[in-house]
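**Student:** Input: one structure, supplied below.
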Amino acid sequence: MPTTMCDLAKTLPLLIGRLLDREAKLKRGRFREETMTDIFTGALAAFAGPELVIQYPIEAVTGGDLDLRFWHIATGRELQLRIQAKRLSAAFNSKKAVNIAHRSYHELLHKPPRSAKFQFETLVDAPPPWVPLYMFYNHQSAADDPYFAGVGPTVSGVNLAFAADVVKELKLKLNAAKAKPKSVKHHKRLSHLREHLFGLEAILCPGGDWEGAGVPPPDVVSASLRERWAARGEGTARPKDEDIILRIPSEPLEMLPDGRFGRRIPDGPP
């Protein structure tokens, strides 16, 4: 039976979550985010084509690890997603178990060499029509932990979040560290960021009319993301004019398949 994008939305989180759990068996080292991203991209590459262009952007320039461009051939409408991937910290630190509530995404405050900006600043400044997202890779054991069984978004092996929401948390953390007296905010922790998470199905298996295609049309993906944006924004301090997710699918004169924004999937990583 052929695999569909909806199948991937269900199986990839389990695959990546279980793979991350296996790193505990390594005598030394850990799995890198690039490894998980290549697994994700490799699975999605089965659907690459005119309706879904997959690219590896230049990370230092864009702040992203992966670009997904959903294109509706008949109308030329397109939705562009720029994704930065981060993995959860290990369950053990120097053979000492880490409290599940303290597990975090250490590299969220990454600053590239010779750059005056943090990576998150470059990502969130993506020009329209790009919609910047984070993709978080989590150990399956963390996703299954009773700590995350309560009310709140489901934690899985792969979660998404709007970059705008994550960036606000990171800025609060940095500002607290600079304040007098300074304070420490644990805004890189999964337990803190959980409220912003949503599932992979938002972009790989959105509800709506796919018009018989194997890839969801850009308008369907856009509607799905808008729904998550509205749900995540309830009760928050988001400005009403926040426009990150209100960027409508663009209507380009033509598709630009020449890899101008990075390497297309056939080229692979550097």
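A note on labels: chains of the structure tokens are A, B, ... as shown, every chain counts residues from 1, and ligands are counted from 1 in their shown order.
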Report as a ChimeraX atom specification: the residues of range 58-156 of chain A with a DSSP assignment of strand (DSSP E), based on the backbone of this structure.
**Tutor:** /A:66-71,78-87,92-93,96-97,130-137
**Student:** Based on the selection just made, write C-alpha atoms of those residues as a compact mmCIF listing (two decimals), in the first residue's frame.
**Tutor:**
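What landed in part31.txt:
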```txt
# COMPACT_ATOMS: atom_id res chain seq x y z
CA LEU A 66 14.75 23.39 5.40
CA ASP A 67 12.44 25.18 2.98
CA LEU A 68 9.12 23.68 1.89
CA ARG A 69 7.26 25.36 -0.96
CA PHE A 70 3.72 24.16 -1.61
CA TRP A 71 2.60 25.08 -5.12
CA GLU A 78 2.39 29.13 -3.48
CA LEU A 79 2.99 28.84 0.27
CA GLN A 80 6.58 29.05 1.47
CA LEU A 81 7.65 27.60 4.83
CA ARG A 82 11.12 28.14 6.28
CA ILE A 83 11.97 25.69 9.05
CA GLN A 84 14.74 25.61 11.66
CA ALA A 85 15.18 22.28 13.44
CA LYS A 86 16.26 21.78 17.06
CA ARG A 87 16.60 18.58 19.05
CA PHE A 92 21.45 11.92 30.90
CA ASN A 93 24.21 14.44 31.53
CA LYS A 96 23.27 11.67 35.73
CA ALA A 97 19.57 11.62 34.86
CA TRP A 130 8.11 33.07 3.98
CA VAL A 131 6.42 31.71 7.11
CA PRO A 132 9.14 30.86 9.68
CA LEU A 133 8.63 27.75 11.82
CA TYR A 134 10.58 25.67 14.32
CA MET A 135 10.61 21.90 14.10
CA PHE A 136 11.50 20.22 17.40
CA TYR A 137 12.82 16.65 17.59
```
**Student:** With 10 Å as the cut-off and only C-alpha atoms counted, what is the closest atom pair between each nearby residue of range 141-201 of chain A and range 221-227 of chain A? Distances in Å to one decimal, ordered by chain and number, as CSV.
**Tutor:**
```
residue,atom,partner,partner_atom,distance
A:Phe162,CA,A:Leu225,CA,9.1
A:Phe198,CA,A:Leu225,CA,9.7
A:Glu201,CA,A:Ser224,CA,9.0
```
**Student:** Please determine, counting only C-alpha atoms, which residue among A:Thr154, A:Leu160, A:Lys188, A:Ser115 has the shortest atom-to-atom distance to Ala202 in chain A.
**Tutor:**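 Looking only at the distances to Ala202 in chain A, the closest residue turns out to be A:Leu160.
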**Student:** Just the residues within 6 Å of Lys173 in chain A, please, counting only C-alpha atoms, with nothing from its chain fewer than 3 positions along; format it as a ChimeraX atom specification.
**Tutor:** /A:170,176,185
**Student:** Using only C-alpha atoms, which of A:Asp219, A:Leu174, A:Lys180, A:Ala213 sits nearest Pro50 in chain A?
**Tutor:**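 Of all the options, A:Ala213 lies closest to Pro50 in chain A.
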**Student:** One decimal, Å: what's the distance from CA of Val166 in chain A over to CA of Arg18 in chain A, could you say?
**Tutor:**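 Spanning CA of Val166 in chain A to CA of Arg18 in chain A is a straight-line distance of 25.0 Å.
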**Student:** Measuring between only C-alpha atoms, which one of A:Gly49, A:Gly199, A:Gly29, A:Pro146 shows the shortest distance to Ala9 in chain A?
**Tutor:**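 Closest to Ala9 in chain A, using only C-alpha atoms: A:Gly199.
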**Student:** Using DSSP on the backbone coordinates, identify all residues within range 35-65 of chain A classified as helix (DSSP H, G or I); present the result as a list in words.
**Tutor:**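 Secondary structure check on range 35-65 of chain A, helix (DSSP H, G or I): Thr35, Met36, Thr37, Asp38, Ile39, Phe40, Thr41, Gly42, Ala43, Leu44, Ala45, Ala46, Phe47, Glu59, Ala60, Val61 and Thr62 of chain A.
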**Student:** For Lys117 in chain A, work out the shell of residues within 12 Å, counting only C-alpha atoms and skipping chain neighbours fewer than 5 positions away, then give it as a PDB file with C-alpha atoms, in the first residue's frame.
**Tutor:**
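For reference, around07.pdb as written:
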```pdb
ATOM      1  CA  ALA A  60      23.869  31.273   7.877  1.00  0.00           C
ATOM      2  CA  VAL A  61      21.947  33.593   5.549  1.00  0.00           C
ATOM      3  CA  THR A  62      18.357  32.472   6.158  1.00  0.00           C
ATOM      4  CA  GLY A  63      18.386  31.001   9.670  1.00  0.00           C
ATOM      5  CA  LEU A 109      20.326  30.609  21.300  1.00  0.00           C
ATOM      6  CA  HIS A 110      22.864  29.626  18.659  1.00  0.00           C
ATOM      7  CA  LYS A 111      24.844  32.489  17.153  1.00  0.00           C
ATOM      8  CA  PRO A 112      26.727  31.626  13.946  1.00  0.00           C
ATOM      9  CA  THR A 122      17.632  35.806  11.216  1.00  0.00           C
ATOM     10  CA  LEU A 123      14.915  33.153  11.026  1.00  0.00           C
ATOM     11  CA  VAL A 124      12.077  35.324  12.285  1.00  0.00           C
ATOM     12  CA  ASP A 125      13.149  38.153   9.974  1.00  0.00           C
TER      13      ASP A 125
END
```
**Student:** How many Å lie between CA of His187 in chain A and CA of Tyr56 in chain A, rounded to one decimal?
**Tutor:** 27.8 Å
**Student:** Between A:Pro57, A:Pro113, A:Gly157, A:Gly42, which one has atoms that come closest to Asp21 in chain A, using only C-alpha atoms?
**Tutor:**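 Closest residue, counting only C-alpha atoms: A:Gly157.
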**Student:** Contacts of Arg32 in chain A at 12 Å or less, counting only C-alpha atoms, minus same-chain residues fewer than 3 places along, as a PyMOL selection string?
**Tutor:** chain A and resi 16+19-20+23+29+35-39+85-90+107+137
